[in-house]
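Asker: Just so it is clear, I am handing over query13.cif, which has mmCIF, C-alpha atoms.
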```cif
data_structure
#
loop_
_atom_site.label_atom_id
_atom_site.label_comp_id
_atom_site.auth_asym_id
_atom_site.auth_seq_id
_atom_site.Cartn_x
_atom_site.Cartn_y
_atom_site.Cartn_z
CA MET A 1 -5.38 7.02 20.99
CA PRO A 2 -8.57 7.41 18.95
CA GLU A 3 -11.73 5.55 19.78
CA PRO A 4 -12.30 2.88 17.10
CA GLY A 5 -15.47 3.12 15.09
CA LEU A 6 -17.22 5.88 13.23
CA VAL A 7 -15.74 9.08 11.89
CA PRO A 8 -15.50 11.74 14.61
CA ASP A 9 -18.96 13.29 14.18
CA GLY A 10 -20.60 9.99 13.27
CA ARG A 11 -22.79 11.42 10.51
CA PRO A 12 -24.17 8.49 8.50
CA GLU A 13 -24.36 10.53 5.30
CA LEU A 14 -20.56 10.63 5.25
CA PHE A 15 -20.40 6.88 4.69
CA ASP A 16 -19.82 6.65 0.96
CA ILE A 17 -17.33 3.84 1.46
CA ARG A 18 -19.98 1.16 0.89
CA ALA A 19 -22.12 2.93 -1.72
CA MET A 20 -21.70 1.85 -5.33
CA PRO A 21 -21.91 4.84 -7.68
CA GLU A 22 -24.12 4.78 -10.75
CA GLN A 23 -22.52 2.56 -13.37
CA PRO A 24 -21.96 3.56 -17.01
CA LYS A 25 -24.52 2.36 -19.52
CA ILE A 26 -21.81 1.90 -22.16
CA LEU A 27 -18.56 0.41 -20.87
CA LYS A 28 -15.24 2.08 -21.58
CA PRO A 29 -12.17 -0.06 -22.35
CA GLY A 30 -11.20 -2.17 -19.35
CA GLN A 31 -14.35 -1.51 -17.38
CA LEU A 32 -15.93 -4.49 -15.63
CA GLU A 33 -19.44 -5.88 -15.64
CA GLU A 34 -21.74 -4.35 -13.06
CA SER A 35 -22.03 -7.69 -11.23
CA LEU A 36 -18.28 -7.65 -10.56
CA ILE A 37 -18.34 -4.06 -9.31
CA ARG A 38 -21.25 -5.01 -7.06
CA GLN A 39 -19.13 -7.85 -5.65
CA PHE A 40 -16.44 -5.32 -4.76
CA PHE A 41 -18.93 -3.28 -2.75
CA GLU A 42 -20.65 -6.29 -1.17
CA LYS A 43 -17.57 -8.38 -0.38
CA GLY A 44 -15.00 -5.60 -0.07
CA TYR A 45 -12.63 -7.04 -2.63
CA LEU A 46 -12.49 -8.22 -6.22
CA LEU A 47 -9.90 -10.48 -7.84
CA VAL A 48 -9.47 -9.70 -11.53
CA PRO A 49 -7.28 -12.56 -12.85
CA LYS A 50 -6.63 -11.03 -16.27
CA PHE A 51 -6.27 -7.33 -16.82
CA PHE A 52 -2.80 -6.05 -17.77
CA THR A 53 -0.73 -7.10 -20.76
CA GLU A 54 2.92 -8.15 -20.56
CA GLU A 55 3.75 -4.99 -22.54
CA GLU A 56 2.19 -2.88 -19.78
CA LEU A 57 3.92 -4.71 -16.91
CA GLU A 58 7.37 -5.45 -18.33
CA PRO A 59 8.59 -1.81 -18.01
CA CYS A 60 7.82 -2.02 -14.27
CA ARG A 61 9.91 -5.15 -13.95
CA LYS A 62 12.76 -3.36 -15.72
CA ALA A 63 12.34 -0.32 -13.45
CA ILE A 64 12.56 -2.53 -10.34
CA GLU A 65 15.69 -4.19 -11.69
CA LYS A 66 17.24 -0.73 -12.09
CA MET A 67 16.27 0.21 -8.53
CA VAL A 68 17.87 -2.95 -7.15
CA ASP A 69 20.98 -2.28 -9.23
CA ASP A 70 21.20 1.26 -7.85
CA LEU A 71 20.70 -0.06 -4.31
CA ALA A 72 23.42 -2.67 -4.76
CA GLN A 73 25.85 -0.06 -6.05
CA MET A 74 25.09 2.27 -3.14
CA LEU A 75 25.64 -0.50 -0.58
CA TYR A 76 28.79 -1.63 -2.36
CA ASP A 77 30.23 1.90 -2.52
CA GLY A 78 29.37 2.35 1.15
CA GLY A 79 31.25 -0.78 2.12
CA LYS A 80 28.10 -2.59 3.24
CA ILE A 81 28.32 -5.46 0.74
CA LYS A 82 31.30 -7.05 -1.03
CA ASN A 83 29.52 -8.36 -4.13
CA LEU A 84 27.09 -6.67 -6.55
CA TYR A 85 25.46 -10.01 -7.51
CA LYS A 86 24.93 -8.83 -11.07
CA GLU A 87 24.55 -12.44 -12.22
CA GLN A 88 21.29 -12.70 -10.26
CA GLY A 89 17.93 -11.72 -11.70
CA LEU A 90 14.91 -9.72 -10.54
CA PHE A 91 13.51 -12.49 -8.37
CA THR A 92 16.73 -13.50 -6.58
CA ARG A 93 19.25 -10.64 -6.51
CA LEU A 94 17.91 -8.83 -3.45
CA ILE A 95 17.91 -12.12 -1.50
CA HIS A 96 21.71 -12.29 -1.81
CA ILE A 97 22.09 -8.59 -1.00
CA GLU A 98 19.92 -9.09 2.10
CA LYS A 99 22.18 -11.87 3.37
CA GLU A 100 25.11 -9.44 3.44
CA PHE A 101 23.13 -6.43 4.60
CA PRO A 102 19.89 -7.33 6.41
CA GLY A 103 17.35 -4.56 5.92
CA ALA A 104 18.30 -3.78 2.33
CA ASN A 105 14.64 -4.31 1.42
CA ILE A 106 13.68 -1.56 3.90
CA ILE A 107 16.08 0.90 2.28
CA LEU A 108 14.45 0.09 -1.05
CA HIS A 109 11.04 0.67 0.53
CA LYS A 110 12.19 4.06 1.81
CA THR A 111 13.64 5.20 -1.53
CA GLY A 112 10.42 7.03 -2.28
CA LYS A 113 11.79 9.71 -4.57
CA ALA A 114 13.60 7.28 -6.84
CA THR A 115 10.53 5.09 -6.98
CA GLU A 116 8.13 7.91 -7.70
CA ALA A 117 10.38 9.28 -10.43
CA THR A 118 10.12 6.03 -12.36
CA GLU A 119 8.17 6.60 -15.54
CA ALA A 120 7.09 2.97 -15.76
CA PHE A 121 5.20 3.16 -12.45
CA HIS A 122 3.56 6.42 -13.50
CA LYS A 123 2.28 4.84 -16.70
CA LEU A 124 0.87 1.81 -14.94
CA TRP A 125 -0.73 3.85 -12.16
CA SER A 126 -2.42 6.15 -14.67
CA ASN A 127 -3.19 3.37 -17.15
CA GLU A 128 -6.35 4.42 -18.98
CA ARG A 129 -8.11 1.07 -18.56
CA LEU A 130 -7.25 1.00 -14.85
CA LEU A 131 -8.61 4.53 -14.38
CA ASN A 132 -11.76 3.46 -16.20
CA VAL A 133 -12.26 0.75 -13.56
CA VAL A 134 -11.50 3.16 -10.72
CA GLU A 135 -14.14 5.48 -12.17
CA GLN A 136 -16.64 2.65 -11.63
CA LEU A 137 -15.67 2.62 -7.95
CA ILE A 138 -15.43 6.32 -7.01
CA GLY A 139 -16.76 8.27 -9.99
CA PRO A 140 -15.13 10.46 -12.67
CA GLU A 141 -13.01 12.58 -10.29
CA VAL A 142 -9.85 10.49 -9.75
CA MET A 143 -6.68 11.34 -7.86
CA GLY A 144 -3.71 9.10 -7.12
CA HIS A 145 -3.48 8.83 -3.32
CA PRO A 146 0.04 9.62 -2.02
CA ASN A 147 0.17 6.47 0.11
CA TRP A 148 1.31 3.92 -2.47
CA CYS A 149 4.07 1.30 -2.34
CA LEU A 150 6.44 -0.92 -4.22
CA ARG A 151 6.68 -4.01 -2.05
CA THR A 152 9.47 -6.55 -2.02
CA LYS A 153 8.63 -9.74 -0.16
CA THR A 154 11.93 -11.54 0.24
CA PRO A 155 11.66 -15.13 1.55
CA GLN A 156 11.27 -15.77 5.28
CA ASN A 157 11.47 -12.08 6.17
CA GLU A 158 9.29 -10.69 8.94
CA ALA A 159 9.77 -7.14 7.64
CA THR A 160 7.91 -8.09 4.45
CA THR A 161 5.10 -10.06 6.09
CA VAL A 162 2.17 -7.75 6.81
CA PRO A 163 -0.28 -8.70 9.62
CA TRP A 164 -4.08 -8.33 9.66
CA HIS A 165 -5.04 -4.67 9.38
CA GLN A 166 -7.44 -2.20 7.77
CA ASP A 167 -5.82 0.37 5.50
CA ALA A 168 -7.96 3.15 6.97
CA ALA A 169 -6.30 2.56 10.36
CA TYR A 170 -3.10 4.07 8.95
CA LEU A 171 -4.90 7.29 8.05
CA GLU A 172 -6.45 10.15 9.99
CA ASN A 173 -9.96 9.61 11.35
CA GLU A 174 -11.44 11.96 8.75
CA ALA A 175 -10.64 9.30 6.17
CA TYR A 176 -12.64 6.52 7.81
CA SER A 177 -15.75 7.20 5.73
CA VAL A 178 -13.99 7.65 2.40
CA LEU A 179 -13.29 4.92 -0.14
CA TYR A 180 -9.70 4.81 -1.36
CA PRO A 181 -9.71 1.72 -3.58
CA VAL A 182 -6.42 -0.15 -3.80
CA ALA A 183 -5.22 -1.91 -6.93
CA TRP A 184 -2.71 -4.55 -5.80
CA ILE A 185 -0.65 -5.65 -8.81
CA PRO A 186 1.91 -8.48 -8.56
CA MET A 187 4.97 -8.77 -10.77
CA LEU A 188 4.70 -12.59 -10.91
CA ASP A 189 2.14 -15.30 -10.25
CA THR A 190 1.31 -15.12 -6.54
CA ASN A 191 0.15 -17.96 -4.34
CA GLU A 192 0.11 -19.11 -0.73
CA GLU A 193 3.75 -20.22 -0.90
CA ASN A 194 5.23 -16.91 -2.04
CA GLY A 195 2.99 -14.76 0.14
CA CYS A 196 -0.22 -13.77 -1.61
CA MET A 197 -2.93 -11.68 0.01
CA GLU A 198 -5.68 -12.91 2.32
CA VAL A 199 -8.89 -10.98 3.01
CA ILE A 200 -11.93 -11.04 5.30
CA PRO A 201 -14.96 -10.58 3.00
CA GLY A 202 -17.64 -8.26 4.36
CA GLY A 203 -15.36 -6.80 7.01
CA HIS A 204 -16.05 -3.33 5.61
CA LEU A 205 -19.84 -3.47 5.90
CA ALA A 206 -19.97 -2.24 9.49
CA GLY A 207 -18.39 1.00 8.27
CA LYS A 208 -15.97 0.96 11.19
CA VAL A 209 -12.29 0.74 11.99
CA ALA A 210 -11.48 -1.78 14.69
CA ARG A 211 -8.84 -1.28 17.37
CA HIS A 212 -5.25 -1.69 16.19
CA THR A 213 -2.00 -1.76 18.16
CA CYS A 214 1.60 -0.79 17.40
CA CYS A 215 3.86 -2.32 16.35
CA TRP A 216 3.92 -5.89 15.06
CA GLY A 217 7.07 -8.00 15.47
CA ASP A 218 10.20 -6.18 14.34
CA THR A 219 8.24 -3.95 11.95
CA TRP A 220 6.58 -0.55 11.74
CA TYR A 221 3.21 -2.16 10.94
CA ILE A 222 0.14 -1.78 13.10
CA VAL A 223 -1.94 -4.92 13.67
CA VAL A 224 -5.67 -5.29 14.21
CA ASP A 225 -6.96 -6.57 17.55
CA GLU A 226 -8.73 -9.68 16.23
CA GLU A 227 -11.00 -10.11 19.25
CA HIS A 228 -12.17 -6.50 19.09
CA ALA A 229 -12.46 -6.65 15.30
CA ALA A 230 -14.58 -9.81 15.40
CA LYS A 231 -17.15 -8.01 17.55
CA THR A 232 -16.90 -4.59 15.94
CA LEU A 233 -16.89 -5.76 12.33
CA ASN A 234 -19.03 -8.87 12.83
CA VAL A 235 -16.47 -11.23 11.27
CA ASP A 236 -14.74 -14.49 12.13
CA PHE A 237 -11.10 -14.38 11.07
CA GLU A 238 -10.66 -18.15 10.91
CA LYS A 239 -13.93 -19.02 9.19
CA ASP A 240 -14.24 -16.00 6.90
CA LYS A 241 -10.70 -15.54 5.56
CA VAL A 242 -10.23 -16.02 1.82
CA LEU A 243 -6.91 -16.61 0.07
CA CYS A 244 -6.39 -14.44 -3.02
CA PRO A 245 -3.78 -15.91 -5.39
CA VAL A 246 -3.36 -13.36 -8.19
CA PRO A 247 -1.70 -14.41 -11.47
CA TYR A 248 0.76 -12.19 -13.29
CA GLY A 249 -1.33 -9.80 -15.36
CA GLY A 250 -4.13 -9.71 -12.82
CA MET A 251 -4.92 -7.44 -9.89
CA LEU A 252 -6.71 -7.48 -6.56
CA LEU A 253 -9.02 -4.56 -5.77
CA ILE A 254 -9.45 -3.88 -2.05
CA ASN A 255 -11.83 -1.68 -0.05
CA THR A 256 -10.17 0.67 2.46
CA LEU A 257 -11.97 -0.94 5.42
CA ILE A 258 -11.66 -4.64 4.62
CA PRO A 259 -9.27 -6.52 6.96
CA HIS A 260 -6.45 -8.12 4.99
CA ARG A 261 -2.88 -9.33 5.29
CA SER A 262 -0.05 -10.72 3.20
CA LEU A 263 1.31 -14.14 4.08
CA ASN A 264 4.92 -15.07 4.75
CA ASN A 265 7.00 -15.93 1.68
CA THR A 266 8.21 -19.53 2.05
CA SER A 267 9.37 -19.87 -1.57
CA ASP A 268 12.90 -19.31 -2.89
CA VAL A 269 12.06 -16.22 -4.97
CA ILE A 270 11.04 -12.63 -4.26
CA ARG A 271 7.39 -11.64 -4.52
CA TRP A 272 7.36 -8.13 -5.99
CA SER A 273 4.12 -6.17 -6.10
CA LEU A 274 2.77 -2.64 -6.48
CA ASP A 275 -0.20 -1.24 -4.63
CA PHE A 276 -1.73 1.89 -6.09
CA ARG A 277 -4.37 3.82 -4.16
CA PHE A 278 -6.92 6.21 -5.59
CA ALA A 279 -9.07 8.98 -4.13
CA ASN A 280 -11.75 11.48 -5.00
CA PRO A 281 -9.93 14.86 -4.97
CA GLU A 282 -12.96 16.44 -3.30
CA LYS A 283 -12.61 14.14 -0.26
CA PRO A 284 -10.00 14.32 2.52
CA LEU A 285 -6.85 12.25 1.99
CA GLY A 286 -6.28 11.59 5.67
CA PHE A 287 -2.52 11.58 5.10
CA TYR A 288 -1.50 13.94 7.93
CA GLY A 289 -0.64 16.68 5.45
CA LEU A 290 2.54 14.80 4.50
CA LYS A 291 1.90 14.94 0.78
CA GLN A 292 -0.84 15.78 -1.70
CA GLY A 293 -2.20 13.39 -4.27
CA VAL A 294 -1.80 13.64 -8.03
CA LEU A 295 -4.87 14.47 -10.12
CA MET A 296 -5.27 11.92 -12.91
CA ARG A 297 -8.78 12.40 -14.27
CA SER A 298 -11.55 14.96 -13.86
CA GLU A 299 -14.78 15.87 -15.61
CA LYS A 300 -14.90 19.22 -13.81
CA ASN A 301 -11.27 20.17 -14.50
CA PRO A 302 -10.04 18.05 -17.42
CA VAL A 303 -6.44 16.87 -16.99
CA GLU A 304 -4.38 17.52 -20.10
CA LYS A 305 -1.13 16.35 -18.51
CA ILE A 306 -0.61 14.71 -15.14
CA ASP A 307 1.63 16.87 -12.94
CA TRP A 308 4.12 14.21 -11.88
CA ASP A 309 6.84 16.81 -11.24
CA SER A 310 4.95 18.39 -8.34
CA PHE A 311 3.99 15.00 -6.98
CA ASN A 312 7.58 13.72 -7.13
CA SER A 313 8.98 16.87 -5.49
CA VAL A 314 7.86 15.64 -2.06
CA ASN A 315 9.30 12.44 -0.57
CA ARG A 316 6.66 11.17 1.82
CA ILE A 317 9.14 9.01 3.78
CA ASN A 318 11.26 12.06 4.58
CA GLU A 319 8.14 14.05 5.46
CA ALA A 320 6.97 11.31 7.83
CA SER A 321 10.40 11.34 9.44
CA LYS A 322 10.24 15.13 9.90
CA TYR A 323 6.83 14.72 11.49
CA CYS A 324 8.44 12.72 14.28
CA LYS A 325 11.70 14.56 14.86
CA ASP A 326 13.68 17.72 14.24
CA GLU A 327 15.54 16.70 11.09
CA ALA A 328 14.75 14.44 8.14
CA GLU A 329 16.58 11.12 8.13
CA ASP A 330 19.98 11.66 6.52
CA ASP A 331 21.55 8.21 6.98
CA PRO A 332 21.14 6.39 3.64
CA PHE A 333 21.78 3.04 5.36
CA ASP A 334 19.18 3.45 8.10
CA THR A 335 16.76 0.52 8.16
CA THR A 336 14.15 1.89 10.54
CA VAL A 337 10.80 3.41 9.58
CA VAL A 338 8.75 5.84 11.64
CA GLY A 339 5.57 7.74 10.90
CA PRO A 340 2.52 9.46 12.39
CA TRP A 341 0.34 6.34 12.16
CA MET A 342 2.45 4.93 15.02
CA PHE A 343 1.05 7.65 17.32
CA LYS A 344 -2.55 6.74 16.62
CA TRP A 345 -2.73 3.42 18.41
CA GLU A 346 -1.64 2.00 21.75
CA MET A 347 1.99 0.90 21.68
CA THR A 348 1.84 -2.62 23.08
CA HIS A 349 5.12 -3.84 21.62
CA THR A 350 8.38 -1.99 21.22
CA ASN A 351 11.16 -2.66 18.75
CA ARG A 352 13.93 -0.74 17.01
CA HIS A 353 11.39 1.26 14.96
CA THR A 354 9.35 2.36 17.97
CA GLU A 355 12.50 2.98 20.01
CA LYS A 356 13.73 5.35 17.34
CA LEU A 357 10.36 7.09 17.34
CA LEU A 358 10.34 7.47 21.11
CA SER A 359 13.97 8.64 21.24
CA GLN A 360 13.26 11.64 19.01
CA LYS A 361 11.67 14.96 19.80
CA ILE A 362 8.08 14.03 19.05
CA ILE A 363 5.46 16.24 17.46
CA PRO A 364 2.25 14.36 18.36
CA ALA A 365 -0.12 13.51 15.55
CA ASP A 366 -3.58 15.04 15.66
CA SER A 367 -5.69 11.87 15.53
CA SER A 368 -8.68 13.25 17.38
#
```
Could you take the file, read its structure, and then write that structure out as structure tokens?

Answerer:
Amino acid sequence: MPEPGLVPDGRPELFDIRAMPEQPKILKPGQLEESLIRQFFEKGYLLVPKFFTEEELEPCRKAIEKMVDDLAQMLYDGGKIKNLYKEQGLFTRLIHIEKEFPGANIILHKTGKATEATEAFHKLWSNERLLNVVEQLIGPEVMGHPNWCLRTKTPQNEATTVPWHQDAAYLENEAYSVLYPVAWIPMLDTNEENGCMEVIPGGHLAGKVARHTCCWGDTWYIVVDEEHAAKTLNVDFEKDKVLCPVPYGGMLLINTLIPHRSLNNTSDVIRWSLDFRFANPEKPLGFYGLKQGVLMRSEKNPVEKIDWDSFNSVNRINEASKYCKDEAEDDPFDTTVVGPWMFKWEMTHTNRHTEKLLSQKIIPADSS
């Protein structure tokens, strides 16, 4: 288990995670005022209530509908469900599927190749105005980080409720000093009832990763040790936490080190969202060598066409599974998730995900 805190060699010059790069004198389309970018670096997050148009987001909704339809057909053909629920829409259909086959949302989460092959997600991730904002955060060299997700938060489902954590804690220690900004983009208006995000402003300023443990509840998620984090990061989880309701068309930008969580969904609809991560291609990805990023923009090596084919050729979920056992997962109905981040932290709670991990021939992660 790694010692929480600084990157391995502790060199302060490596800490670019809190340093705001020089801002453009003439703003490109979509770019934000310097005061807002400064808030991102000072607070560790920035809520942008209006950014995307319906025309930019609607294709993603359609793509998700197609994914759910494909999932329903697979479960139906496999004898796992008796109804396709075609009469249900984007925000209710998976709820009904889940009642017949609990864990259907996890299968959708694991369908990395199908997700990554979806043109609509590619277009949104590489949206010119979004990349212009990312350039304000990390400079003109921009790569899509391989650790991105389509998230389905079905109501009252522990598997879709994410506890307090720092994103950097999922990565290798070499990534602790690198900023990988996250653009969290909901597919509907989000609020406390349907499980919006909550953050701890300023939790990134110490430049440290607090102690986490594995795994929370019946999930594959690590969870921050709040007592240790309060001392290490100089925060108070109860007093400092800020709710971040993001309207449809908006986004939440998050610093890699800021503690955050997503609340339980107590509504009667599904909260769909996308989180896209970005990186400087000259910095380490900290992704255990599972998958490379996809270069989207570069002043040094101009990108004429994004190489989605190479990016899509590797399914990171399968690669994570190989990392922990002899063979890649070949059961399409398996609802467990394992990965190298589970090796990094003390295992204080076991469940079906950790039991699967421990039952396999393990190749320990190098988290030194």

Asker: Please identify all polymer residues within 12 Å of Pro146 (chain A), counting all atoms listed in the file, omitting same-chain residues fewer than 4 positions from it, and present them as a ChimeraX atom specification.

Answerer: /A:112,116,125,171,180,182,275-279,281,284-295,308,310-312,314-317,319

Asker: Write the residues you've just listed into a file as a PDB file, in the coordinates of the input, and include C-alpha atoms for each of them.

Answerer:
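Below is the file selection16.pdb, written as the result:
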```pdb
ATOM      1  CA  GLY A 112      10.420   7.030  -2.280  1.00  0.00           C
ATOM      2  CA  GLU A 116       8.130   7.910  -7.700  1.00  0.00           C
ATOM      3  CA  TRP A 125      -0.730   3.850 -12.160  1.00  0.00           C
ATOM      4  CA  LEU A 171      -4.900   7.290   8.050  1.00  0.00           C
ATOM      5  CA  TYR A 180      -9.700   4.810  -1.360  1.00  0.00           C
ATOM      6  CA  VAL A 182      -6.420  -0.150  -3.800  1.00  0.00           C
ATOM      7  CA  ASP A 275      -0.200  -1.240  -4.630  1.00  0.00           C
ATOM      8  CA  PHE A 276      -1.730   1.890  -6.090  1.00  0.00           C
ATOM      9  CA  ARG A 277      -4.370   3.820  -4.160  1.00  0.00           C
ATOM     10  CA  PHE A 278      -6.920   6.210  -5.590  1.00  0.00           C
ATOM     11  CA  ALA A 279      -9.070   8.980  -4.130  1.00  0.00           C
ATOM     12  CA  PRO A 281      -9.930  14.860  -4.970  1.00  0.00           C
ATOM     13  CA  PRO A 284     -10.000  14.320   2.520  1.00  0.00           C
ATOM     14  CA  LEU A 285      -6.850  12.250   1.990  1.00  0.00           C
ATOM     15  CA  GLY A 286      -6.280  11.590   5.670  1.00  0.00           C
ATOM     16  CA  PHE A 287      -2.520  11.580   5.100  1.00  0.00           C
ATOM     17  CA  TYR A 288      -1.500  13.940   7.930  1.00  0.00           C
ATOM     18  CA  GLY A 289      -0.640  16.680   5.450  1.00  0.00           C
ATOM     19  CA  LEU A 290       2.540  14.800   4.500  1.00  0.00           C
ATOM     20  CA  LYS A 291       1.900  14.940   0.780  1.00  0.00           C
ATOM     21  CA  GLN A 292      -0.840  15.780  -1.700  1.00  0.00           C
ATOM     22  CA  GLY A 293      -2.200  13.390  -4.270  1.00  0.00           C
ATOM     23  CA  VAL A 294      -1.800  13.640  -8.030  1.00  0.00           C
ATOM     24  CA  LEU A 295      -4.870  14.470 -10.120  1.00  0.00           C
ATOM     25  CA  TRP A 308       4.120  14.210 -11.880  1.00  0.00           C
ATOM     26  CA  SER A 310       4.950  18.390  -8.340  1.00  0.00           C
ATOM     27  CA  PHE A 311       3.990  15.000  -6.980  1.00  0.00           C
ATOM     28  CA  ASN A 312       7.580  13.720  -7.130  1.00  0.00           C
ATOM     29  CA  VAL A 314       7.860  15.640  -2.060  1.00  0.00           C
ATOM     30  CA  ASN A 315       9.300  12.440  -0.570  1.00  0.00           C
ATOM     31  CA  ARG A 316       6.660  11.170   1.820  1.00  0.00           C
ATOM     32  CA  ILE A 317       9.140   9.010   3.780  1.00  0.00           C
ATOM     33  CA  GLU A 319       8.140  14.050   5.460  1.00  0.00           C
TER      34      GLU A 319
END
```

Asker: With the PyMOL selection byres ((chain A and resi 43) around 9) as the selection, what would be picked from this file? Answer as a compact mmCIF listing (two decimals) with C-alpha atoms, in the frame of the given file, please.

Answerer:
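Okay, this is what ended up in selection18.txt:
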```
# COMPACT_ATOMS: atom_id res chain seq x y z
CA ARG A 38 -21.25 -5.01 -7.06
CA GLN A 39 -19.13 -7.85 -5.65
CA PHE A 40 -16.44 -5.32 -4.76
CA PHE A 41 -18.93 -3.28 -2.75
CA GLU A 42 -20.65 -6.29 -1.17
CA GLY A 44 -15.00 -5.60 -0.07
CA TYR A 45 -12.63 -7.04 -2.63
CA LEU A 46 -12.49 -8.22 -6.22
CA ILE A 200 -11.93 -11.04 5.30
CA PRO A 201 -14.96 -10.58 3.00
CA GLY A 202 -17.64 -8.26 4.36
CA GLY A 203 -15.36 -6.80 7.01
CA HIS A 204 -16.05 -3.33 5.61
CA LEU A 205 -19.84 -3.47 5.90
CA ASN A 255 -11.83 -1.68 -0.05
CA ILE A 258 -11.66 -4.64 4.62
```

Asker: Which one is closest to Lys86 (chain A): A:Met74, A:Val68, A:Met187, A:Ile306? Count only C-alpha atoms.

Answerer: A:Val68

Asker: Which one of A:Pro245, A:Thr213, A:Gly139, A:Asn318 sits closest to Lys344 (chain A) if you count all atoms listed in the file?

Answerer: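 Looking at the shortest contact to Lys344 (chain A), the residue is A:Thr213.
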
Asker: Tell me which of A:Thr160, A:Ser262, A:Asn280, A:Thr92 sits closest to Val178 (chain A), counting all atoms listed in the file.

Answerer: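 Using all atoms listed in the file, the shortest distance to Val178 (chain A) belongs to A:Asn280.
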
Asker: Please indicate the distance in Å from CA of Leu233 (chain A) to CA of Met251 (chain A), rounded to one decimal place.

Answerer: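 One can read the CA of Leu233 (chain A) to CA of Met251 (chain A) distance as 25.3 Å.
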
Asker: Of the candidates A:Gln23, A:Thr118, A:Thr219, A:Thr266, which one gets nearest to Pro59 (chain A) if we count only C-alpha atoms?

Answerer: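 Of A:Gln23, A:Thr118, A:Thr219, A:Thr266, the one nearest Pro59 (chain A) is A:Thr118, counting only C-alpha atoms.
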
Asker: One decimal, Å: what's the distance from CA of Leu124 (chain A) over to CA of Gly89 (chain A), could you say?

Answerer: 22.0 Å

Asker: From the options A:Gln73, A:Ser126, A:Asn147, A:Asn157, which residue's atoms come nearest to Asn264 (chain A), counting only C-alpha atoms?

Answerer: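 Counting only C-alpha atoms, the residue closest to Asn264 (chain A) is A:Asn157.
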
Asker: Would you compute the distance between CA of His109 (chain A) and CA of Ala159 (chain A)? Give it in Å to one decimal.

Answerer: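 Pair CA of His109 (chain A) / CA of Ala159 (chain A) returns 10.6 Å.
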